Each structure stands twice: as structure tokens, then as C-alpha cells.
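Below is one structure, written out as C-alpha cells; the observations come after it.
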Amino acid sequence: MGCYSTPITISKILNGMHIGGVVATQDQNEKFFITVAWPYPSGAMHIGHARTYLIPDIVARWKRMMGYDVLFPMGFHLTGTPIVGSVERIKSKDQSYLKLLKEVFEVSEEDIKRRLEDPESFARYFIDESPLGYKKGMVGLSLSIDWNRECTSIDPQYKRMVEWQFRKLYEKGLVRKGKHPVKFCPNDDNPVTDHDLLEGEGVGIAEFTLIKYRGEDGAIFPAATLRPETIFGVTNLWVNPNVSYLKVKVGEENWIVSEECAKKLPFQGKNVSASTKKISGGKLVGRSATNPVTGKAVEILPAKFVDPGNGTGVVGSVPAHAPYDYMALKDLGSDIEPIDVIEVHGRGNATEELIAELKIKSQHSEKLEEATKKVYKLEFSSGVMASNIPGYGGKRVSKAKDEIKAELLENNFADVMWEFDEKPVQCRCGAECVVKLVEDQWFLRYSDGEWKEKVERYLDELELIPKESKEYFRNILSWLEDWPCTRKVGLGTKLPWDDKWIIESLSDSTIYMAYYTIVPYTKEMDPEAIDDEVYDYILMGKGDPKELSEKGLDEKLLKKARESFVYWYPLDVRYSANELIPNHLTFMLYHHLALFPKELAPQGIVTFGMGVLEGRKMSSSRGNIYPISKAIEELGTDGTRYYLTCLSEPWQDFDFRRGQALTTSRIIERIRTAVKNGLKFEPNEHKPEWMDRWLLSVFQRNVEEANRTLAIYQTRKGILSAVDEPFRNLRWYLRRGGDRIEILEDWIKLMDPFLPNLAEELWELIGKDGEVERESYPEFDSSSLDEDAESREKFIQDMMEDIAKIVAVALRKKKKDEKKIRVVIAENGEGKEWERETLKSAIPIYEERFGMGIKVEEGGKETKEPLPGRPAIYIE
RNA sequence: GCGGGGGUAGCCAAGUGGUCAAAGGCGGCAGGCUCAAGACCUGCUCUCGAAGGAGUCCGCCGGUUCGAAUCCGGCCCCCCGCACCA
């Protein structure tokens, strides 16, 4: 297999031509600033990444040829924990990870030791050095990136900007401290993300209300519930007679909870004094406790369904609305009557009905789970509080729930604790995770009404592609809450006013597009000398560069940085994955709108669909990736570009199939061959006189379509119009006796944004100097349109199809020897001359195609009269 | 559960009221070129049909309409996101 196009790229690299990239110029043309989500270099660059970076490259190249000053930069995101985690795994000789490095990422034993045992060096390895790394992949794909702007999220100058950004937000009151429950590994003493879990991915955290029933001796039985509104219907409490309970001191109170619960409470901000006083559940049975709201005493009864590992191990019993409670009372033979506190319009008690319907016989029935869910859902969505409930009668359950809970908490009648809504949740280290309440976490206040509204309003001005994503954004805003923006571990920028925290990775990369505009200048600055005033000047135009220069910075450099920012900002289009809409892209809008005037917020967002490989999710850890280096080797640079582009539009999902890619990408070779052959043609006198006009005409239609679709970011349609269609037309033209390829120059220009290496190669081949990419992109010229020529060729093609049908039917099971085709044109048709001339020109291709002689006649005394424009066809 | 997207021929994928048996690509088949293979070129690729026609077809079921892949209602199935994580 040939690397069709790579030799040119490589020769450019050798000639020192900025490794295939393109340096942005500020020529005071119209500017176009385009960025794409920067990669996190924790492994090999694969074909999915390749498409992400290729699509904006096509647009950047097109805009450049359209005469824009284009800025298409690239940086690398190193913030966060995965790289640090990978390095840890190497140090601890994690065999499965080492295997991945060696076998999938093709890292040598030596490089693992030499380069990968430090996070920054690890990242640099996958950015610069690895043959499977990002930069080699991007260069190999001929991406026209301005590498002068390369930067990372841990460059000191970048960190200064993030510090500036956070202090600004802090001053505006948009960052504040708060509490939040998280998944936490007690063994590692660290919060865990879903990614770090052995089991329990996607498990949610549910907030239980602990209702404080006071026992006779003053000890509190905190009954855990998800339904505080049922407190009015509690008839008794449940404990499990077979488990141990502890009396522990929580703050000033004595609580009786299960042993498991006593271990969890300290993680949830409860001040718990250790206690060794065990009480068996059985011993609690028979005691009584007082309902804090109704003041009624209720008895403590035994129930085996009570799970000591969930909540407190103490449960309030609401037989009217909880199937478990109902059955447990039945099992005990108790005469306690259920108390209805929720009504569902138009039906009786849902609990009793379901128990009857599902034929549930005891508290051990498996069907109780199902019944419980149904009752809960029904009563939550369509239930109202019974009319006799003071203060809440008639209120919707969904509303009353929160109000009652708030009231209970306010009166110290209740507390809260968190539990996973599914179990088990197990850390990679094997330990069982707990819910921890992080107390001094910093939050970005995305729930802030004013801030949120700004974003919401801006959505209407923003160009969103595909436009469906606007609905998606709106939906995100409807539920987006405050975002915990700091972490204890990982790479990144320290929170400027509280340096035990590191700014979390999605929060430190919300305005980095602004940073690209100034990298060439900040690189020259001493990071120590950069303070908030410097960024106030560069990004907001405040202050005087002359005064600032006294900090030890070059005044000219400062001015240039400011000019560059002003020149390029705002961002014209942002490319990113649609899975980043719920976080990064939304945050990007928030931060821009908080820090800059609306005019400087990103103008457009294009979101990518998902990619899969051979129908399966791409996954480095499972080895299901197709590294970009391999793609370039097997398909060639332009072959890879071609296949990735025509696979689907950017926002659509795609399935990369290597086998298909191998055959599809052969088009590069076919075009090359066709052009080479086309150059050798001798003038052909049999060519119909309109053929050249035809070729120019249909080519103009391709030009129009290519420009139209690129302008709306439809690169798939774009490549079909710029590459496939002209090629198909060219082949028809040659088949029809065409002999001079007048469109060649423009066609090469047209294909350049998509297949730059092939374009350059052909450009040279046809004897042109310089580079195609410096030429102007062809623009639609309606004066070349030729309706007559187009309808003639259309007529010929339609007739060919009709003849083929008739030949197939007429000659079924017969030999075509000595048969002839006779085409009879209507003699009364106005266009009979036109028809005859057109059809006669096609005789050679018809004869070749059908292997029979063909006659074109007029009139005739056939049974069926031919219609004008619809000649009759006879096989005889 | 909530929200977003989707189900079109062997596969991928265009297609938003008639011009649709449905573009294009891949695969398959046949022919040409070639010593041969690859590449390249041409044609065929739902069923029936001795004349350009007919039938069936776009996840399933109904409806609107002279006419539905396309519009409306209901159902089934698939993918993605639901947060402290890049």
C-alpha cells in the first residue's frame, strides 16, 4: 500500500516549512478564528481524535483560500488526575497498564522507565515523541495548525491567566464555598470518580431524611426515609432484631443506629463520639418513641427486611403507603391500623391494591420491591396530601415533600444523611466506598439566576450546528447547579486565594481560546512578572502598558499581545464533542459572558457526533483503537482525510471500518491516474461540440455546492461536491470524447481543503508553480452555466437507461448477435433536430455499451407513435 | 426515570408531500484491459415482465391526503448525557 500523499508532507517537514502547519497572519483581511477542544495526551492519538481535528482543518483551509486571515491553533490539556494516575500505575508496576502501554501504545520498556515516570514528561511523551502521539498524528494528517501557538494548560503564563480569571469571578461573587456529598474511598482517603470504580458506575447519591423519634430515656431513634411527607402516617418503628445497634453521641444527642451507620456518619459531617455500647436489635423491640411532629408515641417492632447497611437501620413504618411495612405488620399479626395520609385521585389505597394484585404473601416476597417502586412513583407524581393533615392537606406530594422536610430540619426534628442509591460501590483498590460530605469545597455558581439568564439569552444569538443542540443547551441550563471546581490532587493551577486546592480540569479551560491569541507574546514574558494587571490590560484593555512595563515586561510585547487579542477575538467557531455540551461548552459560555462583553463570546459552536470503530466503542484500555499513525501508513494522509470526511457529517455519529476505509481511500490513486492520463490526450474531433461547455457547466454547479455546504460546515457534502462529483463528471466527459481538461486547475483548488497533498502534487504535475493552498478558492460563476449542454447529456443518459431496460427485456434468453437497436424520434417534435444531433453524438458509447449497432431515425409507421422528447426504441 | 438523537436495500449512508424502486460509497456478480494478479474502465445488483411497464418496499400499527420514506397519533427497539470527570 502506498502512503500516497505523505511524501509531500514529509518533504515539507524536511524543508523546515513549519511542519506542515500554517502560521496565522494578521493582514487586516477579514479574520476567522477557529478552535477545537484540545486533547488530553494520556495515550495514543486514534482515528476518533483524527476526525475531531481534521474537520476544522478543512474549514480553516477553505477560509484561508477564501481570503480570510485564519487562526487555527492547538494546545494540550494536562490538568487533572488521569495522567498523574497513569504515572502512579507505572510506578506501582501495574501489569495490566504496563501491558497496555507496550502493546497498544507501543512504548518501549526503556521509554517507560526513562520518560513516563513523571507526569509532565509523560504528557510530553505522548504529545511530541511517541510515533503514536498527538503531534505526529496531527502533522501526519497535514493539519494546518499554527504551531507557534502551541501551549498547555500548565504553562506558567497560562496559569497566571487562570488565576486572573478566578480572582475576577471571585470578586463578582461567582465562586463560593459549599458542602457537597461525593463518592469517597476511605482506604485511599480521596474522592473517587466513576472512572475509578470497580463496581457501581453511574450509581447516584440519595439524600435520606433522618426523622428524630425520641425514646423514653431521651435517646434518639433517627428513622431514615426518602419520604418525609409520610411522617403523619407512621404507626411504629422498625429495627432488625438480628443486628447490632450502637448508642453513639452525635453532637449533643445520643443516637441509636446500626453499627454500619455509625461508621458512615463521621464522613458526613457528623461529630460522632466513639461508643462501644452494643445493643442487639432484639432488645430494642418493645420500647417506644415519640413522633416529633404528631407527638404520638409509637412502638418499636422487629422487621427482618430492615437493612442495617442502608441508612440508620431504624425505619419508620407507614403501612398505608409502604408495602413492606404493611406486610411486616401482617406477619407479626399486629392489630395496628394503617393511617392514610396520601390520596391518589380516583383510586383506593395503592399499597393494599398492589399487594392483592401481586398476590404478595409475606415481607420476604420478592415482589415487594416492585410494589414499593410503583406506590412511590404513583404517589409522588399524582398524589396529594390527605385533607386532614394540618398545613399540608390537599398539597401535591411532590411539593409537600420538600416543604415538610425543610420544616423538620428547621425545627431540629430531623437531620439528613446520604446513601448510594445502588450497591455495592467499590473502589479500584477494592475498598467499599462511602458517601462523604466535602465541607470546604469551592463552587462555581452556575445556578446563579442572573448568570444563568445571561447564558440562556445568549443561546439565541449563538450559531449552533446542528441546530438541535440549542434544545440540548437549554435543557442543561434547566438543571445545572453549582459546580465544584477544585480538587486536592492532579496537575493544574492552584486556587489563588486558597492554595490547598487545585482548580479542576473542566473549570480551568473555559477561556483558553483567548490564550491562543497571545501565546507568541506571553512565551516571551517572565511568568513571575505577570500579574492580574497584566491580564487586565491584555484581555480587557485596562491600564497603561507603559506603567505595566515597569514590572519587568517589554512594553511592545504587551501592546502586541493586546493587539492580537483584539484582532482575533471573539472566537468565530468552536468545534467540540456533543458529549461536552453538558459541561465544557456550557461552562465556556458562562465564563465568557461573566468576564467579557457579549460581543467577545464565541460566535458559533459545531458539535461532533460519536465515533465507533468496527461497530464497537473505541477504548484504549480494551485495545479497540486504530492509531492514526497506522491509518496514515495504510490509507495515506489524504486517504485517511477522504474516508473520515465522507463517512458522515461532523455532527453525525460514524462507524470507522478499516476494510471499507482501505477500499474507499483508493479514490486518491484513481484521481491521480485519471489526471495523469488526461494530460496525455490528443485532440478528438469526434467530441460533440457542446461537451466542453457541458463540463464547465456541471463543474460550476459543483463549485457552487462546495462553497454553499462548507459555509454551513457540511464537510461531507462538501467533499462530495469538491472531489467525487467533478471526478464523476470528468469520467463522463472523457468517455464522451472529451480531450482537454479545462477544469483541472479549478478542480485542484476545489479539492485542496480536503486533500491538500494530492492537490499540491497534481498542481506540480500540471506544471504550476507555488502552492495551491495560496490560490483563491473557486467561486461560483453563473456565466459558465449551459442549460442546453446539460440537458443534452441528461437526455443521452436517460435514453441509455431506457435502452438498457428494453434490451434486457427484449433479449431475455436470446443472443444479441445480428440484433440492432433502432431509435425513432417523433417527426412532429419541435426539437427533433436537437434530439437527432444529440443522440447521434452518443452512438459510439451506445454501441460500445450494448455491443449492438444502433440507428437513429425519424417518424416511422410503427403502431406506437413516439412522443417528442421520448423517442421510441426497437430491438430488431 | 428525565432529556437529546436515531431505526431507509447485504453493509454504510442521502433523502421532509408527487419528478422515489429510493443519490453516493462499500461489498458482491459479469465483462473489458492484462501472461497473470492488483490497479484501472464498463455494466448489473427487490420481484415479475418479449418494449421503456407492473407489484411489493423505507422499525411496527393506525390516521390525514387524489398521493406518504417524508405530515399526525400510538407502540417497539438502539445510541448518548444526567455532573465534581477528561
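Ligands are numbered from 1 in the order shown, chains are lettered A, B, ... in the order of the C-alpha cells, and residues start at 1 in each chain.
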
### Message
Could you tell me which residues of chain A sit within 6 Å of chain B when counting only C-alpha atoms (C1' of nucleotides), and give me the result as a PyMOL selection string?
### Response
chain A and resi 484+660+802+806+810

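Using only C-alpha atoms (C1' of nucleotides), the contacts of C44 in chain B at a cut-off of 12 Å, with sequence neighbours closer than 2 positions omitted, comprise Ala804, Lys805 and Ala808 of chain A; G28, C29, A30, G31 and U42 of chain B.
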
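Taking CA of Gly286 in chain A and CA of Ala350 in chain A as endpoints, the distance between them is 29.2 Å.
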
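If only C-alpha atoms are the atoms counted, then among A:Ser382, A:Asn412, A:Thr81, A:Ser505 the closest residue to Asp196 in chain A is A:Thr81.
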
### strand (DSSP E) call set, DSSP backbone run, range 528-608 of chain A, as a VMD selection string
chain A and resid 573 to 577 604 to 608

Store the residues picked out above in a file with N, CA and C atoms, as a CSV table (one decimal), in the first residue's frame.
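result_24.csv was written with the following content:
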chain,number,residue,atom,x,y,z
A,573,VAL,N,-15.7,30.2,15.6
A,573,VAL,CA,-16.4,28.9,15.7
A,573,VAL,C,-15.6,27.9,16.6
A,574,ARG,N,-16.3,27.3,17.4
A,574,ARG,CA,-15.8,26.3,18.3
A,574,ARG,C,-16.2,24.9,17.9
A,575,TYR,N,-15.3,24.0,17.7
A,575,TYR,CA,-15.6,22.6,17.5
A,575,TYR,C,-15.4,21.8,18.7
A,576,SER,N,-16.4,21.0,19.0
A,576,SER,CA,-16.2,20.1,20.2
A,576,SER,C,-17.2,18.9,20.1
A,577,ALA,N,-17.0,18.0,21.0
A,577,ALA,CA,-17.8,16.8,21.0
A,577,ALA,C,-19.2,17.1,21.6
A,604,GLY,N,-20.0,30.8,17.4
A,604,GLY,CA,-20.6,29.6,16.8
A,604,GLY,C,-20.0,28.4,17.5
A,605,ILE,N,-20.9,27.3,17.5
A,605,ILE,CA,-20.4,26.1,18.1
A,605,ILE,C,-20.9,24.9,17.1
A,606,VAL,N,-19.9,24.1,16.8
A,606,VAL,CA,-20.3,22.9,16.0
A,606,VAL,C,-19.9,21.7,16.9
A,607,THR,N,-20.9,20.8,17.1
A,607,THR,CA,-20.6,19.7,17.9
A,607,THR,C,-20.6,18.4,17.1
A,608,PHE,N,-19.6,17.6,17.5
A,608,PHE,CA,-19.4,16.3,16.8
A,608,PHE,C,-20.2,15.2,17.3

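Using only C-alpha atoms (C1' of nucleotides), the nearest neighbour of C46 in chain B within the list B:G18, B:G74, B:G63, B:G10 is B:G10.
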
### Query
If we count only C-alpha atoms (C1' of nucleotides), what is near Ser509 in chain A at a cut-off of 12 Å, once residues fewer than 6 positions away on the same chain are taken out, given as a ChimeraX atom specification?
/A:37-40,75-80,152-154,158-159,161-163,165-166,485,492-493,503,515-516,583-589,591-592 /B:86

### Surrounding residues of Ile845 in chain A excluding itself and chain neighbours under 2 positions, 12 Å, only C-alpha atoms (C1' of nucleotides), as JSON, numbers by chain
{"A": [686, 687, 732, 733, 734, 735, 736, 737, 796, 797, 799, 800, 839, 840, 841, 842, 843, 847, 848, 849, 850, 851, 852, 853, 854], "B": [42]}

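Closest approach to Val315 in chain A among A:Tyr213, A:Tyr53, A:Trp164, A:Tyr392 is made by A:Tyr213 (distances from only C-alpha atoms).
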
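Reported to one decimal place, the separation of CA of Ala60 in chain A from CA of Ile766 in chain A is 25.5 Å.
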
### Task
Would you mind listing what lies within 8 Å of Tyr642 in chain A as a list in words, with only C-alpha atoms (C1' of nucleotides) counted and same-chain residues fewer than 4 positions away left out?
Asp638, Cys646, Ser665, Ile719, Phe754 and Leu755 of chain A

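Atom pair CA of Pro871 in chain A / CA of Val824 in chain A has a distance of 5.3 Å (rounded to one decimal).
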
### Which of B:G73, B:C58, B:G53, B:U64 sits closest to G7 in chain B [using only C-alpha atoms (C1' of nucleotides)]
B:C58

### Message
Using DSSP secondary structure from the backbone, list all alpha helix (DSSP H) positions within range 523-713 of chain A, as a PyMOL selection string.
### Response
chain A and resi 532-540+545-548+555-568+586-595+628-635+637-647+658-664+667-679+691-711

### Task
Excluding Tyr458 in chain A and residues on its chain fewer than 3 positions from it, collect all residues at most 10 Å away from it, counting only C-alpha atoms (C1' of nucleotides), and give them as a list in words.
Lys452, Glu453, Lys454, Val455, Glu461, Leu462, Leu589, Tyr590, Leu593, Lys598, Ala601 and Gln603 of chain A

#### Entry: Residues within 9 Å of G17 in chain B, only C-alpha atoms (C1' of nucleotides), excluding chain neighbours under 3 positions, as a VMD selection string
chain B and resid 67 to 68 70 to 71
